[in-house]
Each structure stands twice: as C-alpha cells, then as structure tokens.
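Enquirer: Next up, protein.cif (mmCIF, C-alpha atoms).
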data_data
#
loop_
_atom_site.group_PDB
_atom_site.id
_atom_site.type_symbol
_atom_site.label_atom_id
_atom_site.label_comp_id
_atom_site.auth_asym_id
_atom_site.auth_seq_id
_atom_site.Cartn_x
_atom_site.Cartn_y
_atom_site.Cartn_z
ATOM 1 C CA MET F 2 3.657 33.199 -14.675
ATOM 2 C CA PRO F 3 0.437 31.944 -13.036
ATOM 3 C CA SER F 4 -2.466 34.342 -12.549
ATOM 4 C CA ALA F 5 -3.759 35.436 -9.139
ATOM 5 C CA ALA F 6 -6.688 33.051 -9.594
ATOM 6 C CA ASP F 7 -4.261 30.181 -10.331
ATOM 7 C CA THR F 8 -2.279 31.066 -7.213
ATOM 8 C CA GLU F 9 -5.382 31.061 -4.998
ATOM 9 C CA ARG F 10 -6.593 27.790 -6.551
ATOM 10 C CA ALA F 11 -3.181 26.203 -5.885
ATOM 11 C CA LEU F 12 -3.314 27.328 -2.247
ATOM 12 C CA ALA F 13 -6.837 25.902 -1.883
ATOM 13 C CA ASP F 14 -5.600 22.631 -3.375
ATOM 14 C CA LEU F 15 -2.696 22.635 -0.913
ATOM 15 C CA TYR F 16 -5.056 23.096 2.047
ATOM 16 C CA ALA F 17 -7.167 20.181 0.775
ATOM 17 C CA LEU F 18 -4.064 18.008 0.314
ATOM 18 C CA HIS F 19 -2.840 18.830 3.829
ATOM 19 C CA GLU F 20 -6.268 17.902 5.233
ATOM 20 C CA GLU F 21 -6.166 14.587 3.364
ATOM 21 C CA ILE F 22 -2.649 13.856 4.624
ATOM 22 C CA ASP F 23 -3.753 14.635 8.187
ATOM 23 C CA ARG F 24 -6.761 12.279 7.950
ATOM 24 C CA GLU F 25 -4.702 9.410 6.530
ATOM 25 C CA ALA F 26 -1.747 9.990 8.873
ATOM 26 C CA ASP F 27 -4.119 10.138 11.861
ATOM 27 C CA LEU F 28 -5.575 6.741 10.940
ATOM 28 C CA LEU F 29 -2.080 5.229 10.774
ATOM 29 C CA ALA F 30 -1.039 6.969 13.993
ATOM 30 C CA ARG F 31 -4.032 5.491 15.836
ATOM 31 C CA GLN F 32 -3.211 2.074 14.410
ATOM 32 C CA HIS F 33 0.409 2.350 15.603
ATOM 33 C CA ALA F 34 -0.344 4.196 18.854
ATOM 34 C CA GLU F 35 1.518 1.684 21.031
ATOM 35 C CA ARG F 36 4.754 2.179 19.112
ATOM 36 C CA LEU F 37 4.697 5.920 18.406
ATOM 37 C CA GLN F 38 6.681 7.993 20.873
ATOM 38 C CA CYS F 39 5.911 11.217 19.000
ATOM 39 C CA ARG F 40 4.312 13.766 21.303
ATOM 40 C CA ARG F 41 4.166 17.539 21.579
ATOM 41 C CA GLY F 42 7.741 18.693 22.061
ATOM 42 C CA CYS F 43 9.332 15.654 20.415
ATOM 43 C CA SER F 44 11.507 17.160 17.732
ATOM 44 C CA ALA F 45 13.898 14.325 16.875
ATOM 45 C CA CYS F 46 12.815 14.471 13.208
ATOM 46 C CA CYS F 47 12.680 18.285 13.033
ATOM 47 C CA LEU F 48 16.026 18.986 11.456
ATOM 48 C CA ASP F 49 17.446 22.135 9.936
ATOM 49 C CA ASP F 50 17.952 22.736 6.216
ATOM 50 C CA LEU F 51 14.464 21.529 5.348
ATOM 51 C CA THR F 52 13.264 22.999 2.075
ATOM 52 C CA VAL F 53 9.662 23.228 0.951
ATOM 53 C CA GLU F 54 7.791 24.033 -2.219
ATOM 54 C CA LEU F 55 7.071 27.737 -2.715
ATOM 55 C CA VAL F 56 3.330 27.125 -2.310
ATOM 56 C CA GLU F 57 3.920 25.684 1.175
ATOM 57 C CA ALA F 58 6.134 28.639 2.048
ATOM 58 C CA GLU F 59 3.301 30.942 0.965
ATOM 59 C CA ARG F 60 0.865 29.146 3.271
ATOM 60 C CA ILE F 61 3.264 29.741 6.170
ATOM 61 C CA ARG F 62 3.797 33.403 5.191
ATOM 62 C CA ARG F 63 0.068 34.092 5.070
ATOM 63 C CA ALA F 64 -0.675 32.331 8.360
ATOM 64 C CA HIS F 65 2.276 33.621 10.411
ATOM 65 C CA PRO F 66 3.314 37.106 9.242
ATOM 66 C CA GLU F 67 4.133 38.417 12.735
ATOM 67 C CA LEU F 68 6.272 35.399 13.627
ATOM 68 C CA LEU F 69 8.194 35.732 10.367
ATOM 69 C CA ARG F 70 8.617 39.493 10.737
ATOM 70 C CA ALA F 71 9.674 39.700 14.379
ATOM 71 C CA GLY F 72 10.268 36.150 15.540
ATOM 72 C CA VAL F 73 13.601 34.481 16.048
ATOM 73 C CA PRO F 74 14.249 31.132 14.386
ATOM 74 C CA HIS F 75 15.313 28.205 16.548
ATOM 75 C CA SER F 76 19.062 27.755 16.736
ATOM 76 C CA ILE F 77 20.810 26.155 13.780
ATOM 77 C CA GLY F 78 20.672 22.377 13.732
ATOM 78 C CA ALA F 79 16.950 22.083 14.453
ATOM 79 C CA CYS F 80 13.974 23.295 12.448
ATOM 80 C CA ALA F 81 13.725 27.067 12.546
ATOM 81 C CA PHE F 82 10.048 26.850 13.579
ATOM 82 C CA LEU F 83 10.595 25.009 16.854
ATOM 83 C CA ASP F 84 10.047 26.971 20.048
ATOM 84 C CA GLU F 85 12.286 26.726 23.113
ATOM 85 C CA ASP F 86 10.347 23.632 24.297
ATOM 86 C CA GLY F 87 10.757 21.820 20.968
ATOM 87 C CA SER F 88 7.145 22.384 19.882
ATOM 88 C CA CYS F 89 6.224 23.523 16.389
ATOM 89 C CA ARG F 90 5.134 27.158 16.222
ATOM 90 C CA ILE F 91 3.367 26.625 12.876
ATOM 91 C CA TYR F 92 1.889 23.168 13.527
ATOM 92 C CA ALA F 93 -1.466 23.794 11.793
ATOM 93 C CA ASP F 94 0.374 25.160 8.736
ATOM 94 C CA ARG F 95 3.387 22.824 8.731
ATOM 95 C CA PRO F 96 4.625 21.467 5.389
ATOM 96 C CA SER F 97 3.529 18.143 3.922
ATOM 97 C CA VAL F 98 6.751 16.367 4.874
ATOM 98 C CA CYS F 99 6.118 17.129 8.548
ATOM 99 C CA ARG F 100 2.609 15.677 8.546
ATOM 100 C CA SER F 101 3.610 11.998 8.390
ATOM 101 C CA GLN F 102 6.721 12.098 10.585
ATOM 102 C CA GLY F 103 7.140 9.203 12.979
ATOM 103 C CA LEU F 104 4.959 6.783 11.011
ATOM 104 C CA PRO F 105 6.311 3.605 9.434
ATOM 105 C CA LEU F 106 7.400 4.713 5.959
ATOM 106 C CA ARG F 107 7.478 2.665 2.778
ATOM 107 C CA PHE F 108 9.102 3.740 -0.464
ATOM 108 C CA LEU F 109 9.680 2.055 -3.787
ATOM 109 C CA PHE F 110 12.643 2.591 -6.068
ATOM 110 C CA GLU F 111 14.176 1.095 -9.168
ATOM 111 C CA ASN F 112 17.421 -0.779 -8.534
ATOM 112 C CA ASP F 113 20.388 -1.238 -10.898
ATOM 113 C CA GLU F 114 18.687 -4.254 -12.502
ATOM 114 C CA ASP F 115 15.588 -2.171 -13.344
ATOM 115 C CA GLU F 116 13.586 -3.995 -10.695
ATOM 116 C CA ILE F 117 11.318 -2.304 -8.202
ATOM 117 C CA GLU F 118 12.520 -2.647 -4.620
ATOM 118 C CA GLU F 119 10.896 -1.575 -1.402
ATOM 119 C CA ARG F 120 12.542 0.025 1.603
ATOM 120 C CA ARG F 121 10.984 0.815 4.935
ATOM 121 C CA ASP F 122 11.991 3.226 7.640
ATOM 122 C CA ILE F 123 10.721 4.733 10.878
ATOM 123 C CA CYS F 124 11.994 7.224 13.427
ATOM 124 C CA PRO F 125 14.470 5.366 15.672
ATOM 125 C CA LEU F 126 12.381 6.409 18.694
ATOM 126 C CA ASN F 127 9.467 4.390 17.268
ATOM 127 C CA LEU F 128 11.426 1.333 16.170
ATOM 128 C CA GLU F 129 11.366 -0.848 19.286
ATOM 129 C CA ALA F 130 7.671 -1.191 20.118
ATOM 130 C CA GLY F 131 5.413 -3.074 17.769
ATOM 131 C CA PRO F 132 6.193 -5.634 15.100
ATOM 132 C CA PRO F 133 9.268 -5.302 12.882
ATOM 133 C CA LEU F 134 8.679 -3.009 9.905
ATOM 134 C CA GLU F 135 9.140 -5.817 7.371
ATOM 135 C CA GLN F 136 6.225 -7.686 8.964
ATOM 136 C CA LEU F 137 3.772 -4.817 8.522
ATOM 137 C CA ALA F 138 1.246 -5.043 5.709
ATOM 138 C CA GLU F 139 1.820 -2.515 2.915
ATOM 139 C CA GLU F 140 -1.293 -0.559 3.883
ATOM 140 C CA ASP F 141 0.016 -0.242 7.451
ATOM 141 C CA CYS F 142 2.839 2.027 6.231
ATOM 142 C CA TRP F 143 2.884 5.532 4.793
ATOM 143 C CA LEU F 144 3.752 5.191 1.107
ATOM 144 C CA LEU F 145 6.117 7.929 -0.016
ATOM 145 C CA GLY F 146 5.576 9.122 -3.573
ATOM 146 C CA PRO F 147 1.886 9.668 -4.400
ATOM 147 C CA ILE F 148 1.441 12.664 -2.087
ATOM 148 C CA GLU F 149 4.733 14.173 -3.247
ATOM 149 C CA LEU F 150 3.640 13.882 -6.885
ATOM 150 C CA ARG F 151 0.367 15.641 -6.102
ATOM 151 C CA LEU F 152 2.230 18.331 -4.180
ATOM 152 C CA GLY F 153 4.490 18.788 -7.209
ATOM 153 C CA SER F 154 1.463 19.401 -9.424
ATOM 154 C CA ILE F 155 0.113 21.966 -6.975
ATOM 155 C CA ALA F 156 3.538 23.627 -6.810
ATOM 156 C CA ASP F 157 3.655 23.789 -10.630
ATOM 157 C CA ALA F 158 0.248 25.495 -10.697
ATOM 158 C CA PHE F 159 1.392 27.938 -8.002
ATOM 159 C CA SER F 160 4.754 29.039 -9.334
ATOM 160 C CA GLY F 161 4.831 27.659 -12.845
ATOM 161 C CA GLU F 162 6.497 24.450 -13.928
ATOM 162 C CA GLU F 163 9.493 26.326 -15.325
ATOM 163 C CA ALA F 164 10.151 28.183 -12.052
ATOM 164 C CA ARG F 165 9.800 24.977 -10.061
ATOM 165 C CA GLY F 166 12.154 23.165 -12.431
ATOM 166 C CA LYS F 167 14.802 25.782 -11.618
ATOM 167 C CA GLY F 168 14.815 24.863 -7.940
ATOM 168 C CA GLY F 169 11.521 26.365 -6.817
ATOM 169 C CA ARG F 170 12.058 25.314 -3.216
ATOM 170 C CA ILE F 171 12.936 27.450 -0.243
ATOM 171 C CA ALA F 172 14.650 26.741 3.069
ATOM 172 C CA LEU F 173 12.263 27.214 5.988
ATOM 173 C CA ARG F 174 14.854 29.212 7.927
ATOM 174 C CA THR F 175 14.961 31.852 5.193
ATOM 175 C CA LEU F 176 11.306 32.734 5.806
ATOM 176 C CA PHE F 177 12.301 34.622 8.962
ATOM 177 C CA GLU F 178 12.953 38.273 8.113
ATOM 178 C CA ARG F 179 14.918 38.877 11.308
ATOM 179 C CA ALA F 180 17.285 35.973 10.570
ATOM 180 C CA LEU F 181 17.870 37.330 7.098
ATOM 181 C CA ARG F 182 18.661 40.798 8.469
ATOM 182 C CA MET F 183 21.069 39.344 11.048
ATOM 183 C CA THR F 184 22.996 37.306 8.473
ATOM 184 C CA GLY F 185 22.933 39.878 5.717
ATOM 185 C CA GLY F 186 20.437 37.875 3.657
ATOM 186 C CA SER F 187 22.159 34.499 3.604
ATOM 187 C CA CYS F 188 20.563 32.324 6.266
#
For the file at hand, write its structure as structure tokens.
Expert:
Amino acid sequence: MPSAADTERALADLYALHEEIDREADLLARQHAERLQCRRGCSACCLDDLTVELVEAERIRRAHPELLRAGVPHSIGACAFLDEDGSCRIYADRPSVCRSQGLPLRFLFENDEDEIEERRDICPLNLEAGPPLEQLAEEDCWLLGPIELRLGSIADAFSGEEARGKGGRIALRTLFERALRMTGGSC
C-alpha cells in the first residue's frame, strides 16, 4: 500500500498531467475552432457509466465534498456530474478522458496481421465542418495512448499496481453519497 507521501505525490502528478492535457487540448481546439460545436452545456459526449482511475476520483472527492455529500447526480443515461442545464459541475476537476472530448481523435492498434493500423474519430456534432478526418495531419489530432499510459503510472503510484490490476477504477456516479443511500449502495 502506498504511503501518504506517495499518495500526495501521485495527486500532484495528476494535477500536472491535467494541466498539460488542458494546454495541448486548448491548442488543438483553437486550431479546429471552426468545426468544434462543443460549448458550455453541450453534453453529447457526457455519457453515464464512465469509470475513472481511483486517483482521479480522489481529486474529485477533495475538490467537491459538499456536492458529493448532499448533491443529486444527474439522471441515469448522462454523466452524473451534469447539472440541469447540461453543464459540468466539476469542470475544473474533471477526469482526463473529459479533457479532450470533441477533438479529432487518432488511435493506433495492432490488427490481426500484426500490423499497426490507425483509426480516427470525432464527435458527430463536429464532423461536418472542416476537412475530413483522414485528411488531417497526424499532429492535428489528439493521439490516444500516451496520456493514458502516464495516467496509469500515476494511478499505480496512488493505489498500488496490484490494486489497480484488480479493477482499480470507479464509476463516477458512485461518488455521490446520496445516490448510494437511495439505491442501498449499488448505484
């Protein structure tokens, strides 16, 4: 089990990673401004059943104790942290996965022939404006993978590699104490 110092160091590393993601995502968002329809209250990508690393859950717990104690999660089907207008109630402390939403995404995977293939994706609301995704330069897309690997290392330092290997993720909805009380602990 990690020490208190390891836990605090992991949280500091998470804050630094989130700041880096925000800087890089902001650059891409400015570059793609004409195509991005994402605005405050747009919650098309904010779906329910999102799970996060325990270290990200801890950031949310520390920053929003009153919301988690007395607040009511958004109705099932959408992210629990949306308010009635579709805005994020924890925006400054949102998880890593939420920080690059809407941007053109690029991910690499190994196919059945052991070759590396690339796929690209974007929120359907952002698909029409701008050039087709396949015409974008690699650096004009958010590459999935490197940030997630770094987050995994931070999560290992926070909760221990063994704990993380046993499913050390948590559903965002379960952070709400009131929701847990109303469902008898199984949100």
Enquirer: What separation in Å, quoted to one decimal, exists between atom CA of Gly169 of chain F and atom CA of Leu152 of chain F?
Expert: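 So the two atoms, atom CA of Gly169 of chain F and atom CA of Leu152 of chain F, lie 12.6 Å apart.
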Enquirer: Expand the PyMOL selection byres ((chain F and resi 9) around 12) into the explicit residue set it covers here, and present it as JSON, numbers by chain.
Expert: {"F": [3, 4, 5, 6, 7, 8, 10, 11, 12, 13, 14, 15, 16, 56, 59, 60, 63, 155, 156, 158, 159, 160]}
Enquirer: Please enumerate the residues selected by the PyMOL selection byres ((chain F and resi 85) around 10) when evaluated against the supplied file, formatted as a list in words.
Expert: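 Output of the PyMOL selection byres ((chain F and resi 85) around 10): Gly42, Pro74, His75, Ser76, Phe82, Leu83, Asp84, Asp86, Gly87, Ser88, Cys89 and Arg90 of chain F.
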Enquirer: Selected by the PyMOL selection byres ((chain F and resi 134) around 12) in the shown coordinates: which residues, as a list in words?
Expert: His33, Arg36, Leu104, Pro105, Leu106, Arg107, Glu119, Arg120, Arg121, Asp122, Ile123, Cys124, Pro125, Asn127, Leu128, Glu129, Ala130, Gly131, Pro132, Pro133, Glu135, Gln136, Leu137, Ala138, Glu139, Glu140, Asp141, Cys142 and Trp143 of chain F
Enquirer: Show me, as a list in words, the residues that have an atom within 12 Å of Ala93 of chain F when counting only C-alpha atoms, minus same-chain residues fewer than 6 positions from it.
Expert: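 Counting only the stated atoms, we get Tyr16, His19, Glu20, Asp23, Arg60, Ile61, Ala64, His65, Cys99 and Arg100 of chain F.
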Enquirer: Find the residues around Arg170 of chain F up to 10 Å (all atoms listed in the file counted), leave out those fewer than 6 positions away in its own chain, and share them as a list in words.
Expert: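 In the requested form, the answer reads Leu51, Thr52, Val53, Glu54, Leu55, Val56, Glu57, Ala58, Ala156 and Ala164 of chain F.
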Enquirer: Dump C-alpha atoms for the selected residues as a compact mmCIF listing (two decimals), in the coordinates of the input?
Expert:
# COMPACT_ATOMS: atom_id res chain seq x y z
CA LEU F 51 14.46 21.53 5.35
CA THR F 52 13.26 23.00 2.08
CA VAL F 53 9.66 23.23 0.95
CA GLU F 54 7.79 24.03 -2.22
CA LEU F 55 7.07 27.74 -2.72
CA VAL F 56 3.33 27.12 -2.31
CA GLU F 57 3.92 25.68 1.18
CA ALA F 58 6.13 28.64 2.05
CA ALA F 156 3.54 23.63 -6.81
CA ALA F 164 10.15 28.18 -12.05
Enquirer: Taking all atoms of segment 5-10 of chain F that the file lists and extending 8 Å past them on each side, where is the centre of the axis-aligned box and how long are its edges? Answer in Å to one decimal, as AutoDock Vina command-line options.
Expert:
--center_x -4.5 --center_y 31.6 --center_z -7.7 --size_x 20.4 --size_y 23.6 --size_z 21.3
Enquirer: Which of these residues is nearest to Gly72 of chain F, using only C-alpha atoms: F:Leu29, F:Leu176, F:Leu37, F:Ala45?
Expert: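 For Gly72 of chain F, the nearest of the candidates is F:Leu176.
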Enquirer: With only C-alpha atoms as the basis for distance, which of F:Leu126, F:Leu69, F:Ile171, F:Ile148 is at the shortest distance from Arg40 of chain F?
Expert: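 Among the listed residues, F:Leu126 lies closest to Arg40 of chain F.
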